[in-house]
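A short write-up of the structure that comes next.
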Amino acid sequence: MAISYCYLLILRVDILCGIVGLFAKSPSIEQSLGAHITNMLTEMTERGPDSAGFAIYRKPVEQGRTKLTILAPSESYDWHEMKRQLTKRFECEISCEVHANHAVLTLGFDGAGVYDWFYENFPELYINSSGSTIEIYKDKGLPINVLNRFEVEKLQGTHALGHSRMATESAVTIQHSHPFSTGQDLCLVHNGSLSNHNILRENLQKQGIIFRTDNDSEVAAGYLMHRMREGDSLDEALERALVELDGFYTFAIGTRDGFAVLRDPVACKPAIMAETDEWVAMASEYRAIAVLPGADNAECWEPEPAKIYSWSH
Amino acid sequence: MMNTIDLENSDVTELNQKLHDVNGTKDKSEWQILNPKGRHNVAVGIDAPLKVKIDGHVGYYCAGMNKHANVTVKGNVGPGVAENMMSGIVHVTGSASQYAGATAHGGLLIIDGDASSRCGISMKGVDILVKGSVGHMSAFMAQSGRLVICGDAGDALGDSLYEAHIYVRGKIASLGADCIEKPIKSKHQKELGKLLKDAGVNDIDVSEFRRYGSARKLYNFDVDNVDVY
């Protein structure tokens with residue numbers, strides 16, 4: 001019995017959720033980044049048909065400005081009123097680009113105080129991301145439907161991460177979907193499940209980290225945000241996460257310049273990486289990499305447990 | 001006659017059905033499978049002495065439950081290659097993901113590259129030869145068969161081992177519970193030599209390996225514990 005159970009447990013946890021990441025090393029991949037990440041994430045549909053999301057790093061704003069991606073309750077949301085009040089409060093230039101139920105705001109200042117202002121004045125809105133280049137989009141439904149809703153195929157960028165979700169620990173809502181923001185231009189996608197997220201959430205709340213859901217992955221994102229606010233570098237925060245986070249995980253973390261990958265020490269959750277002269281990619285399965293140009297001749301390897309891998313431009 | 005199936009124009013279910021149509025026969029026909037592109041369950045459940053060559057990387061459970069067939073993958077394999085194999089040969093020219101050869105009862109699994117974690121977990125009679133290294137928890141609860149590792153082994157090798165034989169040429173990060181080093185006797189040299197030969201390894205001598213097995217403290221009934229019951 002014991003042996004069957006161990007083995008079946010490994011199989012069971014292996015197939016839930018899919019993650020993908022693509023880092024362009026050439027202008028041609030940057031120009032078609034959206035199309036490639038669309039193909040990759042669509043391949044991960046069977047691993048996560050409930051909801052999908054992606055972070056794309058593109059169109060950096062000028063220094064001193066901030067870009068926010070905001071999620072609204074519906075596509076018919078009145079962005080005009082929000083923009084009017086935001087302009088009045090912060091007395092700055094604001095541009096707003098609407099994509100379905102999301103809007104990308106570019107603020108003419110560094111964004112100080114904007115999170116609290118949204119929380120108090122527009123609690124129905126959810127800030128997916130903030131930074132100079134990051135944009136995060138997510139929604140319920142099959143990955144291909146979500147990707148089409150935001151016309152991802154047309155987007156260009158330097159790097160992107162994606163996630164297809166099969167919920168195990170919490171409800172299927174947009175807010176529970178990945179990626180989760182972990183700070184300025186940072187985000188996390190997670191394949192796995194954490195077993196000590198309740199106690200970690202309580203501790204992090206005492207440190208001032210705000211959570212909007214009961215999702216375990218949001219706790220992992222909150223943990224990294226907290227550690228980096230305390231002064232850790234991303235690598236230091238991930239080293240600490242190996243000690244503090246209990247459970248199964250493959251994390252992909254997007255940064256302004258690139259991305260990092262980390263698997264837990266037991267490494268039940270799958271991950272594969274591949275690299276050519278044109279790109280670096282990571283995915284839950286090789287079939288998401290097979291759709292990339294030149295994949296047949298890419299160098300492929302499986303990331304080792306508890307080892308941080310990172311790339312940057 | 002060579003049968004060629006291109007998975008760009010055919011799905012895996014269709015392919016496997018064609019292979020299963022000769023199950024239980026002595027059909028020795030040759031099959032070439034093109035463009036697997038990481039698909040799962042390629043060439044599972046064969047029960048005939050077919051010769052199958054897969055050109056490219058495959059996903060989960062390739063050649064699972066294989067019986068009699070000789071399956072070669074020209075590329076890497078995902079998790080669970082040759083899982084529950086009964087007999088035949090599965091040869092991977094690249095590397096293998098986790099739990100390669102899991103619970104397999106017989107046959108020979110050859111991996112030219114590395115195998116990641118849990119290689120040979122719960123193996124029940126299969127022979128596995130890895131020309132590279134293996135990841136952590138390999139041969140966990142392995143019951144019988146032989147695991148030959150020409151490179152290094154990760155943590156907890158042979159944890160809770162039963163009667164499988166483990167041979168390692170390189171370094172071992174750590175041994176698992178109840179797994180100990182044992183002397184290599186002439187009968188072990190003979191079985192190891194045959195396995196290396198069967199796998200086409202001619203440039204490594206058996207004297208370069210060390211042998212590991214069960215201390216038999218975990219699973220055997222110990223008469224000293226009779227009062228506990």
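Chain lettering (A, B, ...) mirrors the order of the structure tokens, residue numbering begins at 1 for each chain separately, and ligand numbering begins at 1 in order of display.
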Spatial neighbours of Asp178 (chain B), max dist 12 Å, only C-alpha atoms, sep filter under 3 positions, as a list of chain:residue names
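Result of the neighbour search: B:Phe140, B:Met141, B:Ala142, B:Ala156, B:Leu157, B:Gly158, B:Asp159, B:Ser160, B:Leu161, B:Tyr162, B:Glu163, B:Ser174, B:Leu175, B:Glu181, B:Tyr212, B:Gly213, B:Ser214, B:Ala215, B:Arg216, B:Lys217, B:Leu218, B:Tyr219, B:Asn220.
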Within 8 Å of chain A, which residues of chain B are there when counting only C-alpha atoms? Please give them as an MDAnalysis selection string.
chainID B and resid 37:39 56:59 78 97 116:117 122 141
Let me make sure I understand: among A:Gly34, A:Gly48, A:Gly53, A:Pro293, which one has the smallest atom-to-atom distance to Arg165 (chain A) if we use only C-alpha atoms?
A:Gly48
Filtered DSSP result for region 165-209 of chain A, state alpha helix (DSSP H), as a PyMOL selection string:
chain A and resi 197-206
Selection: 8 Å around region 190-200 of chain B, only C-alpha atoms, excl. self and same-chain fewer than 5 positions, as number ranges by chain
B: 110, 127, 129, 148, 167, 205-206
Got a sec: who's within 6 Å of Leu109 (chain B), counting only C-alpha atoms, leaving out chain neighbours fewer than 2 positions off, as a PDB file with N, CA and C atoms, in the first residue's frame?
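Output below, filename selection_21.pdb:
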```pdb
ATOM      1  N   ILE B  89      13.475  -4.094 -24.812  1.00  0.00           N
ATOM      2  CA  ILE B  89      14.534  -3.100 -24.601  1.00  0.00           C
ATOM      3  C   ILE B  89      13.986  -1.709 -24.920  1.00  0.00           C
ATOM      4  N   VAL B  90      14.261  -0.767 -24.044  1.00  0.00           N
ATOM      5  CA  VAL B  90      13.968   0.633 -24.341  1.00  0.00           C
ATOM      6  C   VAL B  90      15.282   1.399 -24.251  1.00  0.00           C
ATOM      7  N   HIS B  91      15.663   2.044 -25.330  1.00  0.00           N
ATOM      8  CA  HIS B  91      16.942   2.741 -25.401  1.00  0.00           C
ATOM      9  C   HIS B  91      16.692   4.221 -25.683  1.00  0.00           C
ATOM     10  N   ILE B 128      18.287  -1.473 -15.422  1.00  0.00           N
ATOM     11  CA  ILE B 128      18.393  -0.090 -15.918  1.00  0.00           C
ATOM     12  C   ILE B 128      19.867   0.282 -15.965  1.00  0.00           C
TER      13      ILE B 128
END
```
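If you count only C-alpha atoms and ignore residues fewer than 6 places along the chain from Glu30 (chain A), what sits within 8 Å of it is Ala24, Gln156, Gly157, Thr158 and His159 of chain A.
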Once DSSP has gone over the backbone, tell me which residues of region 23-137 of chain B are in strand (DSSP E or B), as JSON, numbers by chain.
{"B": [30, 31, 32, 33, 34, 47, 51, 52, 53, 54, 55, 67, 70, 71, 72, 73, 74, 77, 89, 90, 91, 92, 96, 108, 109, 110, 111, 115, 124, 125, 126, 127, 128, 129, 130, 134]}
Restrict the selected residues to N, CA and C atoms and save them as a CSV table (one decimal), in the first residue's frame.
```csv
chain,number,residue,atom,x,y,z
B,30,GLU,N,9.2,-3.3,-38.4
B,30,GLU,CA,9.9,-2.1,-38.0
B,30,GLU,C,9.1,-0.9,-38.2
B,31,TRP,N,9.1,0.0,-37.2
B,31,TRP,CA,8.3,1.2,-37.2
B,31,TRP,C,9.2,2.4,-36.9
B,32,GLN,N,8.9,3.5,-37.7
B,32,GLN,CA,9.6,4.7,-37.5
B,32,GLN,C,8.5,5.8,-37.2
B,33,ILE,N,8.7,6.5,-36.0
B,33,ILE,CA,7.8,7.5,-35.6
B,33,ILE,C,8.4,8.9,-35.7
B,34,LEU,N,7.8,9.8,-36.5
B,34,LEU,CA,8.4,11.1,-36.7
B,34,LEU,C,7.6,12.2,-36.0
B,47,ASP,N,2.9,-5.3,-27.2
B,47,ASP,CA,3.1,-6.7,-26.7
B,47,ASP,C,3.5,-7.6,-27.9
B,51,LYS,N,10.2,-3.5,-33.7
B,51,LYS,CA,11.4,-2.7,-33.6
B,51,LYS,C,10.9,-1.2,-33.9
B,52,VAL,N,10.9,-0.4,-32.9
B,52,VAL,CA,10.3,0.9,-33.0
B,52,VAL,C,11.3,2.0,-32.8
B,53,LYS,N,11.5,2.9,-33.7
B,53,LYS,CA,12.4,4.0,-33.6
B,53,LYS,C,11.6,5.3,-33.6
B,54,ILE,N,11.8,6.1,-32.6
B,54,ILE,CA,11.1,7.4,-32.4
B,54,ILE,C,12.2,8.5,-32.6
B,55,ASP,N,11.9,9.3,-33.7
B,55,ASP,CA,12.9,10.4,-34.0
B,55,ASP,C,12.5,11.7,-33.3
B,67,LYS,N,6.3,-4.8,-23.7
B,67,LYS,CA,6.5,-6.3,-23.6
B,67,LYS,C,7.1,-6.7,-25.0
B,70,ASN,N,11.5,-3.7,-29.0
B,70,ASN,CA,12.8,-2.9,-28.9
B,70,ASN,C,12.5,-1.5,-29.4
B,71,VAL,N,12.4,-0.6,-28.4
B,71,VAL,CA,12.0,0.8,-28.7
B,71,VAL,C,13.2,1.7,-28.5
B,72,THR,N,13.6,2.5,-29.5
B,72,THR,CA,14.7,3.4,-29.4
B,72,THR,C,14.1,4.9,-29.6
B,73,VAL,N,14.5,5.7,-28.6
B,73,VAL,CA,14.1,7.1,-28.7
B,73,VAL,C,15.4,7.9,-29.1
B,74,LYS,N,15.3,8.6,-30.2
B,74,LYS,CA,16.5,9.4,-30.6
B,74,LYS,C,16.2,10.8,-30.1
B,77,VAL,N,13.5,12.0,-23.1
B,77,VAL,CA,12.2,11.5,-22.7
B,77,VAL,C,11.7,12.2,-21.5
B,89,ILE,N,13.5,-4.1,-24.8
B,89,ILE,CA,14.5,-3.1,-24.6
B,89,ILE,C,14.0,-1.7,-24.9
B,90,VAL,N,14.3,-0.8,-24.0
B,90,VAL,CA,14.0,0.6,-24.3
B,90,VAL,C,15.3,1.4,-24.3
B,91,HIS,N,15.7,2.0,-25.3
B,91,HIS,CA,16.9,2.7,-25.4
B,91,HIS,C,16.7,4.2,-25.7
B,92,VAL,N,17.2,5.1,-24.8
B,92,VAL,CA,17.0,6.5,-24.9
B,92,VAL,C,18.4,7.1,-25.2
B,96,ALA,N,16.7,11.4,-19.6
B,96,ALA,CA,15.4,11.0,-19.1
B,96,ALA,C,15.0,11.9,-17.9
B,108,LEU,N,15.2,-4.4,-20.4
B,108,LEU,CA,16.4,-3.5,-20.2
B,108,LEU,C,16.1,-2.1,-20.6
B,109,LEU,N,16.4,-1.2,-19.8
B,109,LEU,CA,16.2,0.3,-20.1
B,109,LEU,C,17.6,0.9,-20.1
B,110,ILE,N,18.0,1.4,-21.3
B,110,ILE,CA,19.3,2.0,-21.4
B,110,ILE,C,19.1,3.5,-21.7
B,111,ILE,N,19.8,4.4,-20.9
B,111,ILE,CA,19.7,5.8,-21.0
B,111,ILE,C,21.1,6.3,-21.3
B,115,ALA,N,19.6,10.5,-16.0
B,115,ALA,CA,18.2,10.3,-15.6
B,115,ALA,C,18.0,11.2,-14.4
B,124,LYS,N,10.9,-3.7,-10.1
B,124,LYS,CA,10.5,-5.0,-9.7
B,124,LYS,C,11.2,-6.1,-10.5
B,125,GLY,N,12.3,-5.8,-11.1
B,125,GLY,CA,13.0,-6.8,-11.9
B,125,GLY,C,13.6,-6.3,-13.2
B,126,VAL,N,13.4,-5.1,-13.5
B,126,VAL,CA,14.0,-4.5,-14.7
B,126,VAL,C,15.5,-4.3,-14.5
B,127,ASP,N,16.2,-4.2,-15.6
B,127,ASP,CA,17.6,-3.8,-15.5
B,127,ASP,C,17.7,-2.4,-16.1
B,128,ILE,N,18.3,-1.5,-15.4
B,128,ILE,CA,18.4,-0.1,-15.9
B,128,ILE,C,19.9,0.3,-16.0
B,129,LEU,N,20.3,0.7,-17.1
B,129,LEU,CA,21.7,1.2,-17.2
B,129,LEU,C,21.7,2.6,-17.7
B,130,VAL,N,22.3,3.5,-16.8
B,130,VAL,CA,22.3,4.9,-17.1
B,130,VAL,C,23.8,5.3,-17.4
B,134,VAL,N,22.4,10.0,-12.2
B,134,VAL,CA,20.9,9.9,-11.8
B,134,VAL,C,20.7,10.9,-10.6
```
Could you jot down the CA of Ile94 (chain A) to CA of Gly162 (chain A) separation for me, Å, one decimal place?
27.9 Å
Counting only C-alpha atoms, the residue of B:Asp203, B:Gly113, B:Ala69, B:Cys119 that sits nearest Glu83 (chain B):
B:Cys119
Taking only C-alpha atoms into account, name the residue in B:Ala102, B:Ala164, B:Val42, B:Ile184 that is nearest to Asp6 (chain B).
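Under the stated criterion, the closest residue is B:Val42.
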Long-range neighbours of region 66-72 of chain A as a ChimeraX atom specification, 6 Å cut-off, only C-alpha atoms, 5 positions minimum in chain:
/A:101-107,110-111,125-132,135
Would you write out those residues with N, CA and C atoms, as a PDB file, in the first residue's frame?
```
ATOM      1  N   ASN A 101     -11.027  43.495 -19.953  1.00  0.00           N
ATOM      2  CA  ASN A 101     -11.316  43.953 -18.591  1.00  0.00           C
ATOM      3  C   ASN A 101     -10.068  44.442 -17.855  1.00  0.00           C
ATOM      4  N   HIS A 102      -8.996  44.687 -18.582  1.00  0.00           N
ATOM      5  CA  HIS A 102      -7.764  45.210 -17.997  1.00  0.00           C
ATOM      6  C   HIS A 102      -7.479  46.598 -18.584  1.00  0.00           C
ATOM      7  N   ALA A 103      -6.738  47.396 -17.833  1.00  0.00           N
ATOM      8  CA  ALA A 103      -6.244  48.658 -18.376  1.00  0.00           C
ATOM      9  C   ALA A 103      -4.793  48.833 -17.964  1.00  0.00           C
ATOM     10  N   VAL A 104      -4.006  49.331 -18.888  1.00  0.00           N
ATOM     11  CA  VAL A 104      -2.616  49.654 -18.573  1.00  0.00           C
ATOM     12  C   VAL A 104      -2.540  51.168 -18.401  1.00  0.00           C
ATOM     13  N   LEU A 105      -2.214  51.596 -17.176  1.00  0.00           N
ATOM     14  CA  LEU A 105      -2.106  53.026 -16.883  1.00  0.00           C
ATOM     15  C   LEU A 105      -0.636  53.414 -16.845  1.00  0.00           C
ATOM     16  N   THR A 106      -0.304  54.512 -17.485  1.00  0.00           N
ATOM     17  CA  THR A 106       1.040  55.053 -17.316  1.00  0.00           C
ATOM     18  C   THR A 106       0.904  56.355 -16.540  1.00  0.00           C
ATOM     19  N   LEU A 107       1.534  56.380 -15.369  1.00  0.00           N
ATOM     20  CA  LEU A 107       1.430  57.535 -14.478  1.00  0.00           C
ATOM     21  C   LEU A 107       2.676  58.401 -14.643  1.00  0.00           C
ATOM     22  N   ASP A 110       6.244  58.470  -9.780  1.00  0.00           N
ATOM     23  CA  ASP A 110       6.804  57.153  -9.409  1.00  0.00           C
ATOM     24  C   ASP A 110       5.786  56.207  -8.789  1.00  0.00           C
ATOM     25  N   GLY A 111       4.545  56.630  -8.657  1.00  0.00           N
ATOM     26  CA  GLY A 111       3.499  55.731  -8.165  1.00  0.00           C
ATOM     27  C   GLY A 111       3.388  55.656  -6.647  1.00  0.00           C
ATOM     28  N   LEU A 125     -11.215  47.422  -7.973  1.00  0.00           N
ATOM     29  CA  LEU A 125     -10.114  47.259  -8.927  1.00  0.00           C
ATOM     30  C   LEU A 125      -8.946  46.529  -8.266  1.00  0.00           C
ATOM     31  N   TYR A 126      -8.242  45.789  -9.056  1.00  0.00           N
ATOM     32  CA  TYR A 126      -7.143  44.967  -8.546  1.00  0.00           C
ATOM     33  C   TYR A 126      -5.897  45.314  -9.343  1.00  0.00           C
ATOM     34  N   ILE A 127      -4.842  45.732  -8.656  1.00  0.00           N
ATOM     35  CA  ILE A 127      -3.605  46.091  -9.373  1.00  0.00           C
ATOM     36  C   ILE A 127      -2.816  44.808  -9.630  1.00  0.00           C
ATOM     37  N   ASN A 128      -2.824  44.363 -10.871  1.00  0.00           N
ATOM     38  CA  ASN A 128      -2.090  43.143 -11.226  1.00  0.00           C
ATOM     39  C   ASN A 128      -0.585  43.326 -11.130  1.00  0.00           C
ATOM     40  N   SER A 129      -0.120  44.502 -11.577  1.00  0.00           N
ATOM     41  CA  SER A 129       1.330  44.695 -11.604  1.00  0.00           C
ATOM     42  C   SER A 129       1.667  46.168 -11.594  1.00  0.00           C
ATOM     43  N   SER A 130       2.877  46.472 -11.175  1.00  0.00           N
ATOM     44  CA  SER A 130       3.392  47.837 -11.305  1.00  0.00           C
ATOM     45  C   SER A 130       4.885  47.770 -11.565  1.00  0.00           C
ATOM     46  N   GLY A 131       5.367  48.776 -12.276  1.00  0.00           N
ATOM     47  CA  GLY A 131       6.789  48.806 -12.604  1.00  0.00           C
ATOM     48  C   GLY A 131       7.016  49.663 -13.819  1.00  0.00           C
ATOM     49  N   SER A 132       8.146  49.455 -14.479  1.00  0.00           N
ATOM     50  CA  SER A 132       8.433  50.267 -15.660  1.00  0.00           C
ATOM     51  C   SER A 132       8.153  49.518 -16.958  1.00  0.00           C
ATOM     52  N   GLU A 135       3.637  44.016 -17.633  1.00  0.00           N
ATOM     53  CA  GLU A 135       2.172  44.046 -17.733  1.00  0.00           C
ATOM     54  C   GLU A 135       1.683  42.638 -17.426  1.00  0.00           C
TER      55      GLU A 135
END
```
Can you tell me which residues surround His68 (chain B) at a distance of at most 7 Å, considering only C-alpha atoms, apart from same-chain residues fewer than 2 positions away, and format the answer as a list in words?
Asp47, Ala48, Pro49, Asn66, Asn70, Ser87 and Gly88 of chain B
Please produce an output containing all heavy atoms for each residue in the selection, written as a tab-separated table (two decimals), in the first residue's frame.
```tsv
chain	number	residue	atom	x	y	z
B	47	ASP	N	2.92	-5.33	-27.17
B	47	ASP	CA	3.09	-6.72	-26.72
B	47	ASP	C	3.45	-7.59	-27.92
B	47	ASP	O	2.73	-8.53	-28.28
B	47	ASP	CB	1.78	-7.19	-26.05
B	47	ASP	CG	1.89	-8.61	-25.52
B	47	ASP	OD1	2.99	-9.18	-25.55
B	47	ASP	OD2	0.85	-9.15	-25.09
B	48	ALA	N	4.54	-7.24	-28.59
B	48	ALA	CA	5.03	-7.98	-29.75
B	48	ALA	C	6.48	-7.57	-29.97
B	48	ALA	O	6.86	-6.46	-29.59
B	48	ALA	CB	4.19	-7.67	-30.99
B	49	PRO	N	7.29	-8.44	-30.60
B	49	PRO	CA	8.73	-8.10	-30.77
B	49	PRO	C	8.99	-7.09	-31.89
B	49	PRO	O	9.84	-7.31	-32.75
B	49	PRO	CB	9.37	-9.45	-31.05
B	49	PRO	CG	8.28	-10.28	-31.64
B	49	PRO	CD	7.00	-9.82	-31.03
B	66	ASN	N	5.90	-1.82	-21.83
B	66	ASN	CA	6.45	-2.51	-23.00
B	66	ASN	C	6.67	-4.00	-22.73
B	66	ASN	O	7.15	-4.39	-21.67
B	66	ASN	CB	7.79	-1.87	-23.38
B	66	ASN	CG	8.37	-2.47	-24.64
B	66	ASN	OD1	7.70	-2.51	-25.65
B	66	ASN	ND2	9.60	-2.96	-24.54
B	70	ASN	N	11.52	-3.68	-29.02
B	70	ASN	CA	12.77	-2.94	-28.90
B	70	ASN	C	12.47	-1.50	-29.35
B	70	ASN	O	12.25	-1.25	-30.52
B	70	ASN	CB	13.82	-3.60	-29.82
B	70	ASN	CG	15.17	-2.95	-29.68
B	70	ASN	OD1	15.28	-1.78	-29.36
B	70	ASN	ND2	16.22	-3.73	-29.93
B	87	SER	N	9.18	-6.62	-20.47
B	87	SER	CA	10.32	-7.24	-21.15
B	87	SER	C	10.67	-6.38	-22.36
B	87	SER	O	10.02	-5.38	-22.62
B	87	SER	CB	9.98	-8.67	-21.59
B	87	SER	OG	8.91	-8.64	-22.53
B	88	GLY	N	11.70	-6.79	-23.11
B	88	GLY	CA	12.13	-6.01	-24.27
B	88	GLY	C	13.22	-5.02	-23.89
B	88	GLY	O	13.79	-5.08	-22.79
```
What does the distance from CA of Leu186 (chain A) to CA of Asn203 (chain A) come to in Å, to one decimal?
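So the two atoms, CA of Leu186 (chain A) and CA of Asn203 (chain A), lie 21.6 Å apart.
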